[in-house]
Amino acid sequence: MKSFLFLSIFLTSLYSIEPIQPLPLILDDINLNKAKLGRVLFSDPLLSKDGTVSCNSCHDLSLGGADSRDVSLGVENKKGNVQSPTVFNARYNFKQFWNGRADTLKEQADGPLHNPVEMAMDKNAIEKYLNSSDFYKKQFKKVYATSSILYKNAIDAIVEFEKALVTPDSRFDQFLYKKIALNDNEHKGYVLFKTLGCISCHNGINVGGNSFQKFGLMEDVPHIMSTPDRYAITKNVRDKNIFKVPTLRNIEYTAPYFHDASSKTLYEAVEDMGHLNLGIALEEAEIQEVLAFLKSLSGDQPTILKEK
Amino acid sequence: MRNTFIAGFIGALSVVLLALFYTHQTKFSSNYKEVLSILHTLDSVEQKLNYNILQNSIYLYTNQDNIAQNRAILSQSIKAIKAHALIQDKNYNKVYKKTLKLEIETEKYFNQLDNFLSLNAGIKNSFIYINTHAYNALLKEEHDPKYIRMAQYISKAFITAAHTLDTDLLLNTEKKIQALNNYNQSLSKPSRPIELFLLHVRFILKNFPPYIETLNYLLSDPLLQNTTDIQNTFSAIAIRDMQAFNYFAVFLMVLFVFSIAHVLVLLLRIHKENKELETAQTNLQSSLVTDRLTGLKNRFSFENELQKFHKPTLVLLNLDNFKHINDFYGVSAGDYILCQCAKILKSITLKQFDEQIFRLGGDDFGIIFEDVSQEATFQNAQMIIRAIDTYDFIVNDIRINITISAAISNEVPLIENADMALKHIKTLANKKLIIYSNKLNLRRKILHNIEVTNILKEAIKHNRITPYFQPIFHLKHKKIEKYEALVRIKNATGDILQPYEFLPVAVKTPYYAEITRIMIQKSMDYFQNLPYRFSVNIAMQDLLNTELMSVIKETLEANKETAKRLDFELLESEHIEDMELVNSFIREIKSFGCRISIDDFGSGYSNFSYLSQLDFDTLKIDGSLIKEINSDKKSYQIVKIIVEFATINKLEIVAEFVEDAAISECLEILGVTYAQGYYYGKPLPETL
């Protein structure tokens with residue numbers, strides 16, 4: 001409380017604390033067999049009601065684990081109400097979904113499978129489908145030692161796969177590991193990122209994903225009732241337009257941006273964040289430098305995707 | 001038996017309960033530790049969050065991951081408590097309810113946390129912006145220095161407010177902000193930096209108070225009270241449970257100790273019973289081997305004890321005429337004497353020779369010596385005899401003296417040999433101590449007794465007891481007037497056994513009475529139609545045999561005529577105790593017309609005192625006197641006196657063993673009535 005007295009002292013040590021953590025290069029908590037089985041399930045459209053939508057449909061593993069469309073299309077081409085967030089590094093988000101309504105990946109995975117505008121399946125239908133497949137029966141028997149496939153085991157496998165979807169060894173991580181130095185632009189961008197205040201929300205291992213923040217903190221954005229924000233859950237007026245702060249890792253590949261896909265390019269997104277949330281009019285040069293930094297956050301393809 | 005069952009049941013029950021208790025207690029203990037650990041995590045994670053928030057409020061920016069992690073841990077901990085088996089138990093319902101309350105409180109806390117993080121980011125950025133970017137941008141433009149100073153003032157006030165966390169400091173800035181805004185609006189083209197400056201200032205003005213409020217709330221440990229409450233409630237209930245466990249443990253302990261004690265008691269009781277049984281057995285055994293009266297070892301133990309001796313010598317002692325003592329002074333006097341004797345024996349024998357003293361029978365004592373010379377034993381026995389013979393037994397103020405005889409034997413079978421020797425000396429006058437030896441031929445005598453007894457038995461069984469008749473000649477009438485029936489046994493081979501060959505043995509057997517009966521019966525049958533008187537021998541002891549006497553009386557009754565001619569020759573060789581009883585029988589017999597004669601008068605025990613007591617008719621002078629009547633003057637004189645005595649008392653006299661005419665003449669001169677002997681006829685199966 002009185003600690004604000006020391007604020008100026010801390011200002012001088014602004015750069016000495018690294019508020020972003022690198023991703024681990026090797027994951028040691030993955031059951032590979034489960035993850036591989038989860039990989040198959042992740043891309044299986046037959047897990048949806050009409051056999052057209054898989055997890056991968058909206059979390060395209062070749063497109064940064066996200067959807068390039070403004071809103072995703074579910075079964076029977078039903079439109080969703082939000083821009084699909086990336087599945088990559090999702091395990092490091094403190095909550096899942098834009099409004100954080102799921103605490104865990106397991107809870108999250110359950111959502112789209114049942115959502116009538118996404119995959120629109122139920123537990124029994126999924127079990128029925130999986131148990132009718134000799135392939136799955138064989139695989140599940142191998143991994144879960146069960147002759148009858150259970151829904152919870154399928155979810156477990158998908159979650160295991162998602163846990164493995166980590167993109168290590170980005171240039172910035174290499175910098176944090178002190179393997180390389182950032183180039184001039186990247187470094188300037190990183191300093192701006194911190195001094196402008198982006199870092200206040202986008203920090204931690206996932207460069208975001210560990211708190212909620214208002215979209216339009218400094219400049220109000222009109223609230224649309226169908227928006228799946230915190231308000232949708234809490235019905236607290238204060239929570240209108242409040243969303244989970246998204247990760248900035250691999251951000252260059254996950255256009256369009258924001259929950260409403262209101263920014264089509266990363267340039268626009270940075271510019272918008274400048275006035276909406278920082279109350280700053282960023283100059284062209286500043287944006288370019290921030291972009292250079294943001295692009296250094298793109299990591300390698302997850303190892304699990306390279307597995308045979 | 002029932003007690004054993006109960007003890008067993010309680011023991012088994014306590015073991016089962018103990019096992020149950022153990023598993024239950026272990027389970028509880030592990031549950032308790034789990035919950036305690038979760039509660040601890042809860043407490044520590046709240047503190048960590050507190051620290052994280054504080055850190056977050058201080059630093060311009062931090063890694064907020066730890067806040068996210070800790071809030072997740074907090075949520076999980078609450079869920080874990082709610083889901084824990086122990087808390088689900090209805091005893092812990094209070095804890096459960098308080099946890100639900102904490103969960104709601106935590107929900108509020110998280111909302112405030114989210115709010116804080118959101119505001120924190122904006123406010124920090126705005127403070128920075130006001131002080132750095134906006135201010136610098138403002139300086140780059142051309143403005144009235146008055147407004148620059150104004151902006152400077154505002155900026156400094158905000159910094160102070162940020163430092164002091166005192167929103168009051170912002171109140172004074174309102175006018176200046178308004179003025180700065182008016183100034184900017186008055187410009188032909190409003191300044192972008194002023195606009196942004198004002199944007200952030202307004203943002204802070206608007207959000208700083210709720211930010212402070214939220215921060216104060218978060219740092220006031222809003223979960224602490226609930227958490228502590230849960231911990232205390234849980235501890236209180238758990239302590240109660242543990243106390244219950246303790247009580248139960250004490251109960252089990254008591255139960256266990258009780259069953260152990262019970263088993264011990266049972267064991268002790270069994271032990272006691274065993275001991276009692278043992279004592280009873282020992283008593284029984286000792287009563288088997290101990291004579292109750294004297295406390296000496298008895299005949300039974302004699303055989304056992306004898307086995308333990310290597311070179312045993314037995315001194316067998318027998319009180320003389322002890323039966324007489326018992327009869328005369330009473331059994332208690334006899335018992336007293338026996339006890340005293342035992343004491344004397346014990347006091348005299350000083351265990352010099354590992355001797356053992358026994359009471360072997362009614363008045364028989366035995367002492368076994370180990371490896372002792374015959375002389376030493378002899379001296380010992382003499383000493384004992386002297387001691388007892390000279391001892392004055394006082395019974396009811398009456399002094400009684402008794403004598404004792406002893407036989408020594410070291411030849412197997414000890415007791416039989418000593419007994420034979422003892423019996424032998426009892427027949428000898430003035431001999432009180434004898435050493436058994438094979439030379440005594442005692443064993444042969446016994447064998448002879450057995451052989452004769454067998455002959456008697458067979459003879460009676462096969463009707464071979466036969467009367468022979470010897471004539472008795474009336475010296476004055478010069479004719480045979482009587483016959484004496486004399487017993488013979490016809491052997492299986494036809495040989496005739498003489499009385500001396502079997503009677504001495506027969507007298508000591510029950511067959512003797514039977515012989516008497518047969519002789520009477522057969523003689524009466526024989527003389528039924530003969531014109532003679534006839535006599536049958538009868539021992540005085542027979543007269544005391546009531547069974548025999550009643551048989552005789554029946555026989556006499558059945559042949560009254562013949563009975564009148566029957567004489568009973570009383571053999572007086574045995575000592576008679578109850579002369580009155582003998583007399584009463586004599587009277588009965590005489591009532592049939594029978595007569596009584598005294599046989600072998602002048603020999604053995606016979607004396608004149610008898611004559612005065614007995615009512616008899618005839619005296620038969622013993623053959624030993626008659627045989628020598630002509631050669632020995634003394635014999636002659638005795639016979640003469642007897643005849644005179646008989647004459648005075650009007651008794652008939654029969655002389656036996658009259659073997660020649662000279663004797664006959666002499667007897668005739670002396671006045672003897674009848675003569676009997678070879679001179680007048682041998683005993684023959686038939687009358688002459």
# chains A, B, ... in the order shown; residues from 1 in each chain; ligands from 1
>>> closest_atom_pairs(of="chain B", to="chain A", cutoff="10 Å", atoms="only C-alpha atoms", output="CSV")
residue,atom,partner,partner_atom,distance
B:Leu54,CA,A:Met1,CA,7.7
B:Gln55,CA,A:Ser3,CA,9.3
B:Asn56,CA,A:Ser200,CA,9.7
B:Ser57,CA,A:Phe4,CA,7.9
B:Ile58,CA,A:Phe4,CA,6.1
B:Tyr59,CA,A:Phe10,CA,6.4
B:Leu60,CA,A:Leu11,CA,7.2
B:Tyr61,CA,A:Ser200,CA,5.1
B:Thr62,CA,A:Pro19,CA,5.3
B:Asn63,CA,A:Pro19,CA,4.6
B:Gln64,CA,A:Gly204,CA,6.0
B:Asp65,CA,A:Gly204,CA,5.2
B:Asn66,CA,A:Gly204,CA,8.4
B:Ile67,CA,A:Asn210,CA,8.0
B:Ala68,CA,A:Asn210,CA,5.7
B:Gln69,CA,A:Phe94,CA,7.3
B:Arg71,CA,A:Phe94,CA,9.2
B:Ala72,CA,A:Phe94,CA,7.9
B:Ser75,CA,A:Asp103,CA,9.8
B:Asn111,CA,A:Thr234,CA,9.4
B:Leu113,CA,A:Ser211,CA,9.2
B:Asp114,CA,A:Phe212,CA,6.1
B:Asn115,CA,A:Phe212,CA,8.1
B:Phe116,CA,A:Phe212,CA,9.8
B:Leu117,CA,A:Ser211,CA,6.9
B:Ser118,CA,A:Gln213,CA,5.0
B:Leu119,CA,A:Gln213,CA,8.4
B:Asn120,CA,A:Ser200,CA,8.1
B:Ala121,CA,A:Ser200,CA,5.0
B:Gly122,CA,A:Leu217,CA,7.1
B:Ile123,CA,A:Leu278,CA,9.9
B:Lys124,CA,A:Gly197,CA,7.8
B:Asn125,CA,A:Gly197,CA,5.3
B:Ser126,CA,A:Leu278,CA,7.8
B:Ile128,CA,A:Thr195,CA,8.1
B:Tyr129,CA,A:Leu196,CA,7.7
B:Thr132,CA,A:Thr195,CA,9.7
B:His133,CA,A:Leu196,CA,8.6
B:Ala134,CA,A:Ile280,CA,8.8
B:Ile159,CA,A:Ser8,CA,9.3
B:Thr160,CA,A:Leu5,CA,8.4
B:Ala161,CA,A:Phe4,CA,8.9
B:Ala162,CA,A:Phe4,CA,6.1
B:His163,CA,A:Phe4,CA,4.2
B:Thr164,CA,A:Lys2,CA,6.1
B:Leu165,CA,A:Met1,CA,6.7
B:Asp166,CA,A:Lys2,CA,9.5
B:Arg192,CA,A:Ala281,CA,8.8
B:Pro193,CA,A:Ala281,CA,9.1
B:Glu195,CA,A:Gly279,CA,9.8
B:Leu196,CA,A:Gly279,CA,6.5
B:Phe197,CA,A:Gly279,CA,9.0
B:Leu199,CA,A:Gly279,CA,7.2
B:His200,CA,A:Gly279,CA,7.1
B:Arg202,CA,A:Met218,CA,9.7
B:Phe203,CA,A:Met218,CA,7.1
B:Ile212,CA,A:Met1,CA,8.4
B:Leu215,CA,A:Met1,CA,7.9
B:Asn216,CA,A:Met1,CA,7.6
B:Leu219,CA,A:Met1,CA,8.5
>>> residues_around(residues="stretch 298-304 of chain A", least_positions_apart="4", cutoff="6 Å", atoms="only C-alpha atoms", output="PyMOL selection string")
chain A and resi 165-170+249-250
>>> write_last_selection(atoms="N, CA and C atoms", output="PDB file, in the first residue's frame")
ATOM      1  N   LEU A 165       0.946 -29.631 -27.790  1.00  0.00           N
ATOM      2  CA  LEU A 165       0.993 -28.597 -28.842  1.00  0.00           C
ATOM      3  C   LEU A 165       1.679 -27.330 -28.320  1.00  0.00           C
ATOM      4  N   VAL A 166       2.974 -27.449 -28.163  1.00  0.00           N
ATOM      5  CA  VAL A 166       3.781 -26.338 -27.657  1.00  0.00           C
ATOM      6  C   VAL A 166       4.800 -25.969 -28.736  1.00  0.00           C
ATOM      7  N   THR A 167       4.975 -24.677 -28.945  1.00  0.00           N
ATOM      8  CA  THR A 167       5.857 -24.225 -30.040  1.00  0.00           C
ATOM      9  C   THR A 167       7.139 -23.623 -29.470  1.00  0.00           C
ATOM     10  N   PRO A 168       8.136 -24.425 -29.244  1.00  0.00           N
ATOM     11  CA  PRO A 168       9.344 -23.952 -28.577  1.00  0.00           C
ATOM     12  C   PRO A 168      10.332 -23.257 -29.542  1.00  0.00           C
ATOM     13  N   ASP A 169      11.366 -22.761 -28.908  1.00  0.00           N
ATOM     14  CA  ASP A 169      12.541 -22.296 -29.672  1.00  0.00           C
ATOM     15  C   ASP A 169      12.276 -21.115 -30.603  1.00  0.00           C
ATOM     16  N   SER A 170      11.369 -20.241 -30.202  1.00  0.00           N
ATOM     17  CA  SER A 170      11.181 -19.013 -30.991  1.00  0.00           C
ATOM     18  C   SER A 170      12.453 -18.175 -30.848  1.00  0.00           C
ATOM     19  N   ARG A 249       2.082 -15.524 -28.597  1.00  0.00           N
ATOM     20  CA  ARG A 249       2.982 -16.444 -29.296  1.00  0.00           C
ATOM     21  C   ARG A 249       2.349 -16.851 -30.623  1.00  0.00           C
ATOM     22  N   ASN A 250       3.194 -16.918 -31.664  1.00  0.00           N
ATOM     23  CA  ASN A 250       2.759 -17.266 -33.023  1.00  0.00           C
ATOM     24  C   ASN A 250       1.674 -16.326 -33.551  1.00  0.00           C
TER      25      ASN A 250
END
>>> select_by_dssp(residues="stretch 613-648 of chain B", states="strand (DSSP E)", output="PyMOL selection string")
chain B and resi 618-621
>>> residues_around(residues="stretch 488-499 of chain B", least_positions_apart="6", cutoff="6 Å", atoms="only C-alpha atoms", output="tab-separated table (two decimals) with C-alpha atoms, in the first residue's frame")
chain	number	residue	atom	x	y	z
B	464	ARG	CA	-13.61	-140.94	51.60
B	465	ILE	CA	-13.82	-139.89	55.25
B	466	THR	CA	-14.41	-143.15	56.92
B	467	PRO	CA	-14.93	-144.07	60.58
>>> residues_around(residues="A:Asn81", least_positions_apart="4", cutoff="12 Å", atoms="only C-alpha atoms", output="ChimeraX atom specification")
/A:69-74,98,115,117-118,224-229,259-261
>>> closest_residue(among="A:Pro246, A:Phe97, A:Pro256, A:Pro22", to="A:Ser296", atoms="only C-alpha atoms")
A:Pro22
>>> atom_distance(atom1="atom CA of A:Asn183", atom2="atom CA of A:Leu291")
12.6 Å
>>> residues_around(residues="B:Val551", least_positions_apart="4", cutoff="8 Å", atoms="only C-alpha atoms", output="PDB file with C-alpha atoms, in the first residue's frame")
ATOM      1  CA  ARG B 517     -19.888-133.717  61.130  1.00  0.00           C
ATOM      2  CA  GLU B 547     -23.152-123.741  62.535  1.00  0.00           C
ATOM      3  CA  THR B 555     -28.739-135.068  63.332  1.00  0.00           C
TER       4      THR B 555
END
